[in-house]
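Have a look at the structure below before the remarks.
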Amino acid sequence: MTERALRSDVLEGRLKRLHRGSYVPTKLWEELWWEGQHLLRVLAVRAASGGSGPVFTHESAAVLWGLPMYRMGTKPVQTRLDGYRHSRVEAEVVRRDMRIADADIVDLDGFRLTSLPRTMMDVARTASFDTAVGCADAALRRAAVTGQIMDLEAAEEWRADALMRAAAGLRGVRQARRVLEFADGRAQLPGESVSRVRLSQLGFT
């Protein structure tokens, strides 16, 4: 398409601009859940990035891993770029100044992102409790559940591994620990996770 045609379609609402050089039909965008919309933004940021691209973190890493993000809402793309000394937001992309161990940076289909355990911990620290529990349940399900049977030993190893990443001083560590204790990999859908949160809030065991 020509730049003139792009501008016209954006102004008239037929296309939505995601990031520099990337657009999506508005009708398709409106049919997607929040995770799908955010994933398209992540793809757009990667397409506009040179070299190996940024390291995607938090919600952006979570959608790349295919984790559910219950009612995540509209979020900027979350990244950690080498050489940045201070966190900043540019063009709806958060570029974070954060320490990540080399072992917690992985490659997934050409995307650099935080490992699954580190991603889950970052979401548990910073997202709402409902969102974090849904994400943690799904991560634990991958690690320790076959069918509807949870391997208790594998589940405890998963919790211990995640707690190692909950370093004192990080924002939201107290909530992250609550999320880890509450997580149950037998939940199959985010709605089940949130229902369990509500029942707990009402006093049911």
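In the structure tokens, chains take letters A, B, ... by order of appearance, with residues numbered from 1 within each chain and ligands from 1 in the order shown.
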
Nearby residues (only C-alpha atoms) at most 8 Å from segment 134-147 of chain A, same-chain spacing under 5 positions excluded, as an MDAnalysis selection string: chainID A and resid 67:70 116:117 120 123:124 152 154:155 158 179:180 183:191 193:194

Sorted by chain and rising residue number, which residues of segment 56-156 of chain A lie within 7 Å of segment 160-176 of chain A, and what are their closest atom pairs and distances in Å to one decimal, counting only C-alpha atoms, as CSV?
```
residue,atom,partner,partner_atom,distance
A:Pro117,CA,A:Ala162,CA,6.0
A:Arg118,CA,A:Arg165,CA,6.9
A:Met121,CA,A:Ala162,CA,6.5
A:Ala124,CA,A:Ala176,CA,4.7
A:Arg125,CA,A:Gly172,CA,4.3
A:Thr126,CA,A:Gly172,CA,6.0
A:Glu156,CA,A:Ala160,CA,6.1
```

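With only C-alpha atoms taken into account, the protein and nucleic acid residues at most 10 Å from Trp29 of chain A (excluding it and anything under 6 positions from it in its own chain) are A:Leu15, A:Lys16, A:Tyr23, A:Gly36, A:Gln37, A:Leu40.
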
Write out as a compact mmCIF listing (two decimals) with N, CA and C atoms, in the first residue's frame all residues of segment 27-125 of chain A that backbone DSSP assigns to strand (DSSP E or B).
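What landed in selection33.txt:
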```
# COMPACT_ATOMS: atom_id res chain seq x y z
N VAL A 55 14.69 -7.80 24.62
CA VAL A 55 14.24 -8.91 25.47
C VAL A 55 12.85 -8.54 25.98
N PHE A 56 11.85 -9.33 25.63
CA PHE A 56 10.49 -9.06 26.07
C PHE A 56 10.29 -9.61 27.48
N VAL A 77 3.98 -2.44 25.39
CA VAL A 77 4.88 -3.59 25.25
C VAL A 77 6.02 -3.44 26.24
N GLN A 78 6.36 -4.54 26.91
CA GLN A 78 7.37 -4.52 27.98
C GLN A 78 8.67 -5.13 27.47
N THR A 79 9.76 -4.38 27.58
CA THR A 79 11.05 -4.87 27.10
C THR A 79 12.16 -4.50 28.06
N ARG A 80 13.29 -5.20 27.89
CA ARG A 80 14.54 -4.80 28.52
C ARG A 80 15.57 -4.69 27.42
N ARG A 88 12.13 3.78 30.75
CA ARG A 88 11.46 4.86 30.05
C ARG A 88 10.37 4.28 29.16
N VAL A 89 9.45 5.13 28.73
CA VAL A 89 8.39 4.73 27.81
C VAL A 89 8.55 5.53 26.54
N GLU A 90 8.66 4.84 25.41
CA GLU A 90 8.79 5.48 24.11
C GLU A 90 7.88 4.77 23.12
N VAL A 93 6.12 1.68 24.22
CA VAL A 93 6.99 0.56 24.56
C VAL A 93 7.75 0.93 25.83
N VAL A 94 7.64 0.09 26.87
CA VAL A 94 8.40 0.31 28.09
C VAL A 94 9.76 -0.34 27.92
N ARG A 95 10.80 0.44 28.10
CA ARG A 95 12.17 -0.09 28.06
C ARG A 95 12.70 -0.03 29.48
N ARG A 96 12.82 -1.21 30.07
CA ARG A 96 13.11 -1.30 31.50
C ARG A 96 14.60 -1.43 31.78
N ILE A 105 17.20 -15.52 30.10
CA ILE A 105 16.92 -14.94 28.79
C ILE A 105 17.00 -16.07 27.76
N VAL A 106 15.89 -16.34 27.11
CA VAL A 106 15.81 -17.47 26.19
C VAL A 106 15.35 -16.99 24.82
N ASP A 107 15.50 -17.87 23.83
CA ASP A 107 15.04 -17.58 22.48
C ASP A 107 13.85 -18.47 22.16
N LEU A 108 12.77 -17.87 21.70
CA LEU A 108 11.56 -18.62 21.34
C LEU A 108 11.13 -18.16 19.95
N PHE A 111 12.36 -14.78 18.99
CA PHE A 111 12.12 -13.71 19.96
C PHE A 111 12.97 -13.96 21.20
N ARG A 112 13.65 -12.93 21.69
CA ARG A 112 14.32 -13.02 22.98
C ARG A 112 13.33 -12.60 24.05
N LEU A 113 13.23 -13.39 25.10
CA LEU A 113 12.28 -13.10 26.16
C LEU A 113 12.74 -13.75 27.45
N THR A 114 12.11 -13.36 28.55
CA THR A 114 12.44 -13.97 29.83
C THR A 114 11.93 -15.41 29.85
```

Nearest residue to Asp104 of chain A from the set A:Leu202, A:Leu18, A:Ala61, A:Ala48 (distances using only C-alpha atoms): A:Ala61

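With only C-alpha atoms as the atoms that count, the minimum distance from His58 of chain A to the choices A:Leu28, A:Leu11, A:Met150, A:Ala132 is reached by A:Ala132.
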